[in-house]
Each structure stands twice: as C-alpha cells, then as structure tokens.
>>> print(open('work_24.txt').read())   # compact mmCIF, C-alpha atoms and all ligand atoms
# COMPACT_ATOMS: atom_id res chain seq x y z
CA MET A 1 28.99 31.60 43.38
CA GLU A 2 28.61 32.02 47.15
CA SER A 3 32.25 32.99 47.67
CA TRP A 4 31.98 35.43 44.77
CA LEU A 5 28.95 37.04 46.40
CA GLU A 6 30.65 37.18 49.79
CA ALA A 7 33.47 39.16 48.22
CA HIS A 8 31.05 41.33 46.23
CA ALA A 9 28.07 41.89 48.51
CA TYR A 10 26.74 44.69 46.31
CA LEU A 11 26.01 42.11 43.59
CA ARG A 12 23.50 40.29 45.79
CA PRO A 13 20.33 42.00 44.49
CA LEU A 14 21.32 41.29 40.86
CA ALA A 15 22.26 37.72 41.74
CA ASP A 16 18.89 37.18 43.43
CA LEU A 17 16.99 38.64 40.48
CA SER A 18 18.96 36.58 37.98
CA ALA A 19 18.38 33.42 40.05
CA GLN A 20 14.65 34.11 40.29
CA VAL A 21 14.36 34.62 36.53
CA GLU A 22 16.42 31.51 35.73
CA HIS A 23 14.36 29.47 38.17
CA ALA A 24 11.09 30.63 36.60
CA ALA A 25 12.48 30.04 33.09
CA ALA A 26 13.42 26.47 34.04
CA ALA A 27 9.80 25.86 35.06
CA VAL A 28 8.43 26.95 31.68
CA GLU A 29 7.75 24.11 29.28
CA ASN A 30 10.61 23.77 26.80
CA LEU A 31 9.37 23.77 23.21
CA ASP A 32 11.37 22.06 20.49
CA ALA A 33 13.37 24.09 18.02
CA ARG A 34 13.84 22.67 14.54
CA ILE A 35 17.53 22.28 13.72
CA PRO A 36 18.14 23.83 10.29
CA ASP A 37 19.63 21.96 7.39
CA TRP A 38 23.11 23.47 7.58
CA ASP A 39 23.78 23.10 3.87
CA ASP A 40 20.86 25.44 3.16
CA PHE A 41 22.50 28.07 5.34
CA ARG A 42 26.06 27.80 3.97
CA SER A 43 25.95 30.63 1.43
CA ASP A 44 24.31 33.08 3.85
CA PHE A 45 26.87 32.09 6.49
CA LEU A 46 29.76 32.80 4.14
CA ALA A 47 28.16 36.16 3.29
CA GLY A 48 28.01 37.11 6.98
CA VAL A 49 24.27 36.71 7.55
CA PRO A 50 23.52 35.65 11.15
CA LEU A 51 21.65 32.37 11.45
CA LEU A 52 18.42 33.84 12.82
CA SER A 53 18.26 36.42 10.03
CA SER A 54 18.68 33.85 7.29
CA ALA A 55 15.50 32.98 5.39
CA ASP A 56 17.34 29.99 3.94
CA ALA A 57 18.05 28.60 7.42
CA GLY A 58 14.44 29.28 8.38
CA VAL A 59 14.73 28.98 12.16
CA ASP A 60 11.23 29.67 13.50
CA LEU A 61 11.40 31.71 16.72
CA GLU A 62 7.68 31.75 17.40
CA PRO A 63 7.80 28.88 19.95
CA GLY A 64 10.61 30.73 21.75
CA GLY A 65 8.34 33.77 21.84
CA ARG A 66 5.67 31.58 23.43
CA MET A 67 8.19 30.48 26.07
CA ALA A 68 9.03 34.14 26.72
CA ALA A 69 5.35 35.06 27.17
CA ALA A 70 4.92 32.10 29.54
CA LEU A 71 7.96 33.21 31.55
CA ILE A 72 6.60 36.73 31.93
CA GLU A 73 3.18 35.39 32.93
CA ARG A 74 4.83 33.24 35.59
CA LEU A 75 6.97 36.08 36.94
CA ALA A 76 3.98 38.43 37.01
CA ALA A 77 2.23 36.01 39.40
CA GLU A 78 5.20 35.62 41.75
CA ALA A 79 6.18 37.56 44.82
CA SER A 80 9.03 39.83 43.75
CA PRO A 81 10.69 43.11 44.67
CA GLU A 82 8.13 45.84 44.18
CA TRP A 83 9.49 47.47 41.00
CA PHE A 84 10.02 44.09 39.37
CA ALA A 85 6.51 42.88 40.19
CA ALA A 86 4.99 46.10 38.85
CA GLU A 87 6.97 46.03 35.61
CA THR A 88 6.49 42.33 34.84
CA ARG A 89 2.73 42.73 35.45
CA ALA A 90 2.58 45.70 33.09
CA LEU A 91 4.44 43.67 30.46
CA ASP A 92 2.20 40.66 30.97
CA THR A 93 -0.93 42.81 30.57
CA GLU A 94 0.42 44.38 27.38
CA LEU A 95 1.36 41.00 25.90
CA ARG A 96 -2.12 39.63 26.59
CA ARG A 97 -3.55 42.56 24.65
CA ALA A 98 -1.30 42.10 21.63
CA SER A 99 -2.53 39.57 19.14
CA THR A 100 0.25 37.21 18.01
CA ALA A 101 2.36 38.23 21.03
CA PRO A 102 4.91 35.39 20.64
CA ARG A 103 5.65 36.42 17.04
CA ARG A 104 5.96 40.08 18.06
CA ILE A 105 8.36 39.19 20.87
CA ALA A 106 10.53 37.21 18.44
CA ASP A 107 10.57 40.08 15.93
CA PHE A 108 11.31 42.58 18.71
CA LEU A 109 14.38 40.57 19.75
CA LEU A 110 15.68 40.69 16.19
CA GLY A 111 15.35 44.46 16.05
CA ASP A 112 11.76 45.18 14.94
CA ASP A 113 10.95 48.53 16.53
CA THR A 114 7.27 48.75 15.61
CA PHE A 115 6.37 46.93 18.83
CA LYS A 116 6.46 49.43 21.70
CA PRO A 117 6.09 47.50 24.95
CA PRO A 118 6.32 49.23 28.31
CA PHE A 119 9.77 48.54 29.82
CA PRO A 120 11.49 47.39 26.62
CA GLY A 121 14.80 46.83 28.42
CA LEU A 122 13.14 44.41 30.83
CA LEU A 123 11.31 42.63 28.01
CA ARG A 124 14.58 42.23 26.11
CA TYR A 125 16.25 40.67 29.16
CA LEU A 126 13.38 38.31 30.03
CA ALA A 127 12.60 37.31 26.46
CA TRP A 128 16.23 36.56 25.63
CA THR A 129 16.47 34.45 28.79
CA ALA A 130 13.62 32.26 27.50
CA MET A 131 14.72 32.40 23.86
CA ALA A 132 18.28 31.33 24.72
CA ARG A 133 16.84 28.22 26.37
CA PHE A 134 14.69 27.53 23.33
CA LEU A 135 17.70 27.98 21.03
CA ARG A 136 20.14 25.88 23.04
CA PRO A 137 20.03 22.81 20.73
CA VAL A 138 20.31 25.05 17.66
CA VAL A 139 23.30 26.94 19.09
CA HIS A 140 24.88 23.63 20.04
CA GLY A 141 24.38 22.21 16.54
CA PHE A 142 25.67 25.44 15.00
CA ASP A 143 28.82 25.29 17.17
CA GLY A 144 29.47 21.81 15.82
CA TRP A 145 28.97 22.79 12.17
CA ARG A 146 30.52 26.26 12.05
CA ASP A 147 33.97 26.76 10.61
CA GLU A 148 35.18 29.55 12.92
CA ASP A 149 37.83 30.73 10.47
CA ARG A 150 35.10 31.59 7.98
CA TRP A 151 33.30 33.92 10.38
CA LEU A 152 35.66 36.01 12.57
CA ARG A 153 33.15 38.84 12.57
CA ARG A 154 32.42 41.25 15.38
CA TYR A 155 28.76 40.27 15.71
CA CYS A 156 27.16 37.05 16.88
CA PRO A 157 26.89 34.42 14.12
CA THR A 158 23.58 33.24 15.61
CA CYS A 159 21.60 36.37 16.47
CA GLY A 160 23.70 39.25 15.14
CA SER A 161 24.20 41.04 18.48
CA LEU A 162 27.45 42.70 19.43
CA PRO A 163 29.35 40.76 22.10
CA ALA A 164 28.67 41.31 25.79
CA MET A 165 32.06 40.01 26.90
CA ALA A 166 35.15 38.11 25.75
CA GLN A 167 37.05 35.07 26.90
CA LEU A 168 40.63 33.97 26.32
CA VAL A 169 41.06 30.21 26.05
CA GLY A 170 43.94 27.82 25.61
CA ALA A 171 47.68 28.39 25.79
CA ASP A 172 50.11 29.78 23.26
CA PRO A 173 50.57 28.83 20.54
CA GLY A 174 46.94 28.56 19.61
CA ARG A 175 45.54 30.78 22.31
CA LYS A 176 42.22 32.15 21.14
CA ARG A 177 39.87 34.97 21.93
CA LEU A 178 36.17 34.14 21.95
CA LEU A 179 33.45 36.75 21.99
CA SER A 180 30.43 35.95 24.11
CA CYS A 181 26.86 36.85 23.18
CA GLY A 182 24.80 38.04 26.13
CA CYS A 183 21.55 37.39 24.24
CA CYS A 184 21.55 33.90 22.72
CA GLY A 185 24.61 32.55 24.55
CA THR A 186 26.78 31.76 21.50
CA ARG A 187 30.56 32.04 21.85
CA TRP A 188 32.54 32.58 18.67
CA GLN A 189 36.10 33.21 17.68
CA TYR A 190 37.53 36.63 16.90
CA LYS A 191 40.99 38.08 16.25
CA ARG A 192 43.19 38.13 19.33
CA THR A 193 43.99 41.84 19.27
CA GLY A 194 41.56 43.79 17.09
CA CYS A 195 38.85 46.00 18.54
CA PRO A 196 35.39 44.56 17.80
CA PHE A 197 33.75 47.99 17.98
CA CYS A 198 35.72 50.14 15.57
CA GLU A 199 37.56 47.20 13.99
CA THR A 200 40.97 48.86 14.13
CA ASN A 201 43.33 46.00 13.71
CA SER A 202 45.85 47.67 15.92
CA GLN A 203 48.03 46.71 18.81
CA GLN A 204 46.25 49.48 20.65
CA LEU A 205 44.18 47.26 22.90
CA ALA A 206 45.24 48.03 26.44
CA SER A 207 44.39 45.88 29.39
CA VAL A 208 43.45 46.67 32.98
CA THR A 209 43.82 43.79 35.40
CA ILE A 210 42.03 44.01 38.72
CA GLU A 211 43.35 42.32 41.82
CA GLY A 212 41.27 39.43 43.18
CA GLU A 213 38.89 39.20 40.23
CA HIS A 214 39.62 35.62 39.15
CA GLY A 215 41.07 36.53 35.78
CA LEU A 216 38.49 39.14 34.84
CA ARG A 217 40.01 42.18 33.20
CA ILE A 218 39.07 45.14 31.06
CA ASP A 219 40.46 45.28 27.53
CA HIS A 220 40.00 48.63 25.88
CA CYS A 221 40.67 50.29 22.58
CA GLU A 222 42.69 53.50 22.55
CA SER A 223 41.14 54.49 19.29
CA CYS A 224 37.38 54.42 20.09
CA LEU A 225 37.59 54.01 23.91
CA GLY A 226 35.26 51.01 23.74
CA TYR A 227 36.02 48.27 26.26
CA LEU A 228 35.25 44.62 26.62
CA LYS A 229 35.23 42.79 29.92
CA THR A 230 37.37 39.74 29.36
CA TYR A 231 37.61 36.49 31.27
CA ASP A 232 41.13 35.15 31.02
CA GLY A 233 40.41 31.62 32.12
CA GLN A 234 38.21 28.58 31.80
CA GLY A 235 35.81 26.71 34.02
CA ASP A 236 33.78 29.53 35.53
CA GLU A 237 32.05 30.77 32.38
CA ALA A 238 28.55 30.37 33.80
CA LEU A 239 29.33 32.88 36.53
CA LEU A 240 32.07 35.08 35.10
CA LEU A 241 30.60 35.54 31.60
CA ALA A 242 27.14 36.25 32.98
CA ASP A 243 27.79 40.01 32.69
CA TRP A 244 25.80 40.93 35.83
CA SER A 245 28.50 39.29 37.96
CA SER A 246 31.01 41.92 36.86
CA VAL A 247 29.01 45.16 36.80
CA HIS A 248 31.63 46.59 39.17
CA LEU A 249 34.11 46.37 36.28
CA ASP A 250 31.74 48.48 34.21
CA LEU A 251 31.91 51.14 36.93
CA ILE A 252 35.72 51.02 36.94
CA ALA A 253 35.74 51.36 33.15
CA HIS A 254 33.28 54.23 33.32
CA ASP A 255 35.48 56.03 35.88
CA ARG A 256 38.38 55.75 33.45
CA GLY A 257 36.40 57.46 30.72
CA LEU A 258 35.82 54.28 28.73
CA LYS A 259 32.57 53.62 26.89
CA ARG A 260 30.44 50.53 27.09
CA LEU A 261 29.87 49.71 23.43
CA ALA A 262 29.30 46.05 24.27
CA ALA A 263 25.70 44.86 24.24
CA SER A 264 24.05 44.60 27.64
CA LEU A 265 20.81 42.97 28.75
CA TYR A 266 21.15 44.52 32.19
CA ASP A 267 20.61 48.06 31.05
CA PHE A 268 16.93 48.09 32.01
CA GLU A 269 16.82 51.83 31.71
CA ALA A 270 17.66 51.58 28.01
CA PRO A 271 16.01 54.33 25.98
CA LYS A 272 12.31 54.19 26.65
CA LYS A 273 10.78 55.25 23.39
CA MET A 274 7.10 55.31 24.10
ZN ZN B 1 23.75 35.85 19.89
ZN ZN B 2 37.95 50.52 18.92
>>> encode(input="work_24.txt", output="structure tokens", more="lines below")
Ligand SMILES: [Zn+2]
Ligand SMILES: [Zn+2]
Amino acid sequence: MESWLEAHAYLRPLADLSAQVEHAAAAVENLDARIPDWDDFRSDFLAGVPLLSSADAGVDLEPGGRMAAALIERLAAEASPEWFAAETRALDTELRRASTAPRRIADFLLGDDTFKPPFPGLLRYLAWTAMARFLRPVVHGFDGWRDEDRWLRRYCPTCGSLPAMAQLVGADPGRKRLLSCGCCGTRWQYKRTGCPFCETNSQQLASVTIEGEHGLRIDHCESCLGYLKTYDGQGDEALLLADWSSVHLDLIAHDRGLKRLAASLYDFEAPKKM
C-alpha cells in the first residue's frame, strides 16, 4: 500500500478517505446475518435472480441498514475534511428524521428510488461499505455453494450490480476471468473474452497495458466502447481491486474515448435527483 501511494501520490486523499471509512466501519458493532437455506434459493438462482432480490432466499438486510446508519452517525461526529464532514452530517440528520431508516437504506441499495437522501452517491458508498461487512458470511457461504458454470452472467449473483472491475486468475489451460462487485464484494466467473456491457461474444476485446501498474490493465470493447479495469494477477486484490486505487486508469480510458459502464461507488457526484 505505502509503495503504491509513493508511486501514485495523487491517490493519497482517496486512500486517506477510504482508510477513515474502513476504520470507522470496523468500529461499528457487527450484526449477524442469517445464512439462507441454499436449497430454497436454487430455482431463483438458476433463473438468474440475484440472491438479495430472491424472496425465497429471504436475506434480511435491515440489520445491515442499521450498521450503515451507525457508520454514518460515527463519521458525522469525527474530524474530517470539510466537505466530507458537512455531507456526512447532512446525511446523518436526514436519516434521523426518516422513520425506519435502516430499512430505507437497504431498499435504496437495491434500487428503490423513492428515498431521496441528500448526497445519494455518498450514501451509496458508505452504506455499501457497512452492508458488505454485514454480508461477508453470506457471500462466503454463497461462494461455497454456487456452481459458477450455472451463473456466468454479467451482473453480481449476490446483489445484482454490474461489475466494478475484473480479475484474471490461474494459468492456461483453465485460466479464468472473474468479475468483481464493488458493492457487496462478491467475485464471480464470467466468459474470458465477452464484453459484460453489451454482451457481444466477440474477440473484439482489446487490451491496454500500462507500464509499472502491477498487472493492472484496461480491457475494452470495440463494439460499445465500454471498458473494464482488469487485474491480471493474484495476491493484491484488497488493494488493486479496490477501484479507488486505480482511478488514474479511468482517466487514461476517458482520454482514449472509452466509457465507464462499470459500476462505481466513487462517483460521489452521481446524478443528484432532489
Ligand atoms: Zn454485489
Ligand atoms: Zn461491449
């Protein structure tokens, strides 16, 4: 981490923010998630329904919403950069006003747009940080149960989000491409060459390798111009799949006329519909 930041000094503010949020999240009491009965979920899984959207699986996200509210309350009371302090306090105030805030946060994360918090991009980032911690045992159990060959879809089998990044693992034959969810932290298998945005199953994925980036590269589709930052390696997932640690690759992709179609939790300026 330190050597990465020495080579990429412009990432320091994001690294500091991410560390502060992770530190506060670690101090929030971890509530237990009920592990679903996987047999109940099988038919939804085969039909392509993400775990958290499956009524049959019945994963209750309300305790994760409580963890998210507690995280925001904690951050609102901390010394922080000025904009961050102001925005977390505004969020905290709004959440205290909303009745059933934890439930509303959970619904918001799954796409309910009737809740209109101030700074929705920031809420999405903070709430997913807490929710991913809450869901860790569920995601772990799901990884152990899931038959990857029966999914192979472009969206996350747990939460339904589009991938934030990709990772290549193993050696040929049997080398695999995993897609990485920036929200709940699941990694799942996908076709080696297809584009997960327009789903052209073409050989048209081109690759841009960048010197000195520890195996990070940009894979892009010549059909829809979507790109996916890809980590071609193993061992440094925590840093290199964190998304914020490679925002400079997003700038390079943008300069080449490519479009970020991948999901991002770091786009705080996401459309503010108020
Ligand atoms: Zn997910
Ligand atoms: Zn495409």
>>> residues_near_ligand(input="work_24.txt", ligand="ligand ZN 2 (chain B)", cutoff="12 Å", atoms="only C-alpha atoms and all ligand atoms", output="PyMOL selection string")
chain A and resi 154+193-206+219-228+258-262
>>> residues_near_ligand(input="work_24.txt", ligand="ligand ZN 1 (chain B)", cutoff="7 Å", atoms="all atoms listed in the file", output="list in words")
Cys156, Pro157, Thr158, Cys159, Gly160, Ser161, Cys181, Gly182, Cys183, Cys184, Gly185 and Thr186 of chain A
>>> write_last_selection(input="work_24.txt", atoms="C-alpha atoms", output="PDB file, keeping the file's coordinate frame")
ATOM      1  CA  CYS A 156      27.160  37.050  16.880  1.00  0.00           C
ATOM      2  CA  PRO A 157      26.890  34.420  14.120  1.00  0.00           C
ATOM      3  CA  THR A 158      23.580  33.240  15.610  1.00  0.00           C
ATOM      4  CA  CYS A 159      21.600  36.370  16.470  1.00  0.00           C
ATOM      5  CA  GLY A 160      23.700  39.250  15.140  1.00  0.00           C
ATOM      6  CA  SER A 161      24.200  41.040  18.480  1.00  0.00           C
ATOM      7  CA  CYS A 181      26.860  36.850  23.180  1.00  0.00           C
ATOM      8  CA  GLY A 182      24.800  38.040  26.130  1.00  0.00           C
ATOM      9  CA  CYS A 183      21.550  37.390  24.240  1.00  0.00           C
ATOM     10  CA  CYS A 184      21.550  33.900  22.720  1.00  0.00           C
ATOM     11  CA  GLY A 185      24.610  32.550  24.550  1.00  0.00           C
ATOM     12  CA  THR A 186      26.780  31.760  21.500  1.00  0.00           C
TER      13      THR A 186
END
>>> atom_distance(input="work_24.txt", atom1="atom CA of A:Lys229", atom2="atom CA of A:Leu265")
14.5 Å
>>> closest_atom_pairs(input="work_24.txt", of="stretch 208-259 of chain A", to="stretch 6-12 of chain A", cutoff="10 Å", atoms="all atoms listed in the file", output="CSV")
residue,atom,partner,partner_atom,distance
A:Gly212,CA,A:Ala7,CA,9.3
A:Glu213,CA,A:Ala7,CA,9.7
A:Trp244,CA,A:Leu11,CA,7.9
A:Ser245,CA,A:Leu11,CA,6.8
A:Ser246,CA,A:Leu11,CA,8.4
A:Val247,CA,A:Leu11,CA,8.0
A:His248,CA,A:Leu11,CA,8.4
>>> atom_distance(input="work_24.txt", atom1="atom CA of A:Arg153", atom2="atom CA of A:Ser18")
29.2 Å
>>> atom_distance(input="work_24.txt", atom1="atom CA of A:Ala166", atom2="atom CA of A:Ser180")
5.4 Å
>>> axis_aligned_box(input="work_24.txt", around="stretch 177-192 of chain A", padding_each_side="5 Å", output="lines of an AutoDock Vina configuration file")
center_x = 32.4
center_y = 34.9
center_z = 21.2
size_x = 31.6
size_y = 16.4
size_z = 19.9
>>> closest_residue(input="work_24.txt", among="A:Arg96, A:Arg256, A:Arg42, A:Arg136", to="A:Trp151", atoms="only C-alpha atoms")
A:Arg42
>>> closest_residue(input="work_24.txt", among="A:Leu46, A:Leu17, A:Val138, A:Met67", to="A:Pro81", atoms="all atoms listed in the file")
A:Leu17
>>> residues_around(input="work_24.txt", residues="A:Glu148", least_positions_apart="5", cutoff="9 Å", atoms="all atoms listed in the file", output="list in words")
Asp143, Trp188, Gln189 and Tyr190 of chain A
>>> build_atoms(input="work_24.txt", residues="stretch 72-83 of chain A", atoms="all heavy atoms", output="JSON list (two decimals), keeping the file's coordinate frame")
[["chain", "number", "residue", "atom", "x", "y", "z"],
["A", 72, "ILE", "N", 7.06, 35.45, 31.39],
["A", 72, "ILE", "CA", 6.60, 36.73, 31.93],
["A", 72, "ILE", "C", 5.30, 36.54, 32.72],
["A", 72, "ILE", "O", 5.12, 37.10, 33.80],
["A", 72, "ILE", "CB", 6.45, 37.75, 30.79],
["A", 72, "ILE", "CG1", 7.85, 38.12, 30.26],
["A", 72, "ILE", "CG2", 5.71, 39.01, 31.26],
["A", 72, "ILE", "CD1", 7.88, 38.77, 28.90],
["A", 73, "GLU", "N", 4.42, 35.68, 32.21],
["A", 73, "GLU", "CA", 3.18, 35.39, 32.93],
["A", 73, "GLU", "C", 3.48, 34.79, 34.31],
["A", 73, "GLU", "O", 2.89, 35.16, 35.31],
["A", 73, "GLU", "CB", 2.34, 34.41, 32.09],
["A", 73, "GLU", "CG", 0.98, 34.12, 32.69],
["A", 73, "GLU", "CD", 0.19, 33.09, 31.88],
["A", 73, "GLU", "OE1", 0.54, 32.85, 30.70],
["A", 73, "GLU", "OE2", -0.76, 32.53, 32.43],
["A", 74, "ARG", "N", 4.45, 33.89, 34.34],
["A", 74, "ARG", "CA", 4.83, 33.24, 35.59],
["A", 74, "ARG", "C", 5.41, 34.24, 36.58],
["A", 74, "ARG", "O", 5.05, 34.28, 37.76],
["A", 74, "ARG", "CB", 5.83, 32.13, 35.27],
["A", 74, "ARG", "CG", 6.30, 31.31, 36.44],
["A", 74, "ARG", "CD", 7.12, 30.14, 35.95],
["A", 74, "ARG", "NE", 6.30, 29.04, 35.52],
["A", 74, "ARG", "CZ", 5.87, 28.06, 36.33],
["A", 74, "ARG", "NH1", 6.20, 28.06, 37.62],
["A", 74, "ARG", "NH2", 5.12, 27.08, 35.87],
["A", 75, "LEU", "N", 6.32, 35.09, 36.07],
["A", 75, "LEU", "CA", 6.97, 36.08, 36.94],
["A", 75, "LEU", "C", 5.96, 37.10, 37.46],
["A", 75, "LEU", "O", 6.05, 37.57, 38.60],
["A", 75, "LEU", "CB", 8.10, 36.79, 36.20],
["A", 75, "LEU", "CG", 9.36, 35.95, 35.95],
["A", 75, "LEU", "CD1", 10.28, 36.66, 34.95],
["A", 75, "LEU", "CD2", 10.10, 35.66, 37.25],
["A", 76, "ALA", "N", 4.98, 37.43, 36.62],
["A", 76, "ALA", "CA", 3.98, 38.43, 37.01],
["A", 76, "ALA", "C", 3.13, 37.92, 38.17],
["A", 76, "ALA", "O", 2.54, 38.71, 38.92],
["A", 76, "ALA", "CB", 3.10, 38.78, 35.82],
["A", 77, "ALA", "N", 3.05, 36.59, 38.34],
["A", 77, "ALA", "CA", 2.23, 36.01, 39.40],
["A", 77, "ALA", "C", 3.04, 35.72, 40.66],
["A", 77, "ALA", "O", 2.49, 35.29, 41.67],
["A", 77, "ALA", "CB", 1.59, 34.72, 38.88],
["A", 78, "GLU", "N", 4.35, 35.96, 40.60],
["A", 78, "GLU", "CA", 5.20, 35.62, 41.75],
["A", 78, "GLU", "C", 5.40, 36.81, 42.67],
["A", 78, "GLU", "O", 5.27, 37.95, 42.26],
["A", 78, "GLU", "CB", 6.60, 35.18, 41.24],
["A", 78, "GLU", "CG", 6.65, 33.75, 40.79],
["A", 78, "GLU", "CD", 8.06, 33.34, 40.35],
["A", 78, "GLU", "OE1", 9.00, 34.15, 40.44],
["A", 78, "GLU", "OE2", 8.19, 32.18, 39.90],
["A", 79, "ALA", "N", 5.77, 36.50, 43.91],
["A", 79, "ALA", "CA", 6.18, 37.56, 44.82],
["A", 79, "ALA", "C", 7.58, 38.00, 44.42],
["A", 79, "ALA", "O", 8.46, 37.17, 44.23],
["A", 79, "ALA", "CB", 6.20, 37.02, 46.25],
["A", 80, "SER", "N", 7.76, 39.29, 44.24],
["A", 80, "SER", "CA", 9.03, 39.83, 43.75],
["A", 80, "SER", "C", 9.26, 41.18, 44.40],
["A", 80, "SER", "O", 8.36, 41.76, 44.97],
["A", 80, "SER", "CB", 8.96, 40.05, 42.23],
["A", 80, "SER", "OG", 8.59, 38.89, 41.55],
["A", 81, "PRO", "N", 10.49, 41.71, 44.25],
["A", 81, "PRO", "CA", 10.69, 43.11, 44.67],
["A", 81, "PRO", "C", 9.66, 43.99, 43.96],
["A", 81, "PRO", "O", 9.26, 43.70, 42.84],
["A", 81, "PRO", "CB", 12.11, 43.43, 44.17],
["A", 81, "PRO", "CG", 12.78, 42.10, 44.02],
["A", 81, "PRO", "CD", 11.71, 41.11, 43.71],
["A", 82, "GLU", "N", 9.28, 45.06, 44.64],
["A", 82, "GLU", "CA", 8.13, 45.84, 44.18],
["A", 82, "GLU", "C", 8.22, 46.33, 42.73],
["A", 82, "GLU", "O", 7.30, 46.15, 41.94],
["A", 82, "GLU", "CB", 7.94, 47.04, 45.12],
["A", 82, "GLU", "CG", 6.55, 47.61, 45.07],
["A", 82, "GLU", "CD", 6.35, 48.69, 46.13],
["A", 82, "GLU", "OE1", 6.98, 48.60, 47.21],
["A", 82, "GLU", "OE2", 5.60, 49.62, 45.85],
["A", 83, "TRP", "N", 9.36, 46.93, 42.37],
["A", 83, "TRP", "CA", 9.49, 47.47, 41.00],
["A", 83, "TRP", "C", 9.40, 46.36, 39.97],
["A", 83, "TRP", "O", 8.79, 46.51, 38.92],
["A", 83, "TRP", "CB", 10.81, 48.23, 40.83],
["A", 83, "TRP", "CG", 12.03, 47.33, 40.79],
["A", 83, "TRP", "CD1", 12.78, 46.94, 41.86],
["A", 83, "TRP", "CD2", 12.63, 46.71, 39.64],
["A", 83, "TRP", "NE1", 13.79, 46.10, 41.45],
["A", 83, "TRP", "CE2", 13.73, 45.95, 40.09],
["A", 83, "TRP", "CE3", 12.34, 46.72, 38.27],
["A", 83, "TRP", "CZ2", 14.54, 45.20, 39.24],
["A", 83, "TRP", "CZ3", 13.15, 45.96, 37.41],
["A", 83, "TRP", "CH2", 14.23, 45.22, 37.90]]
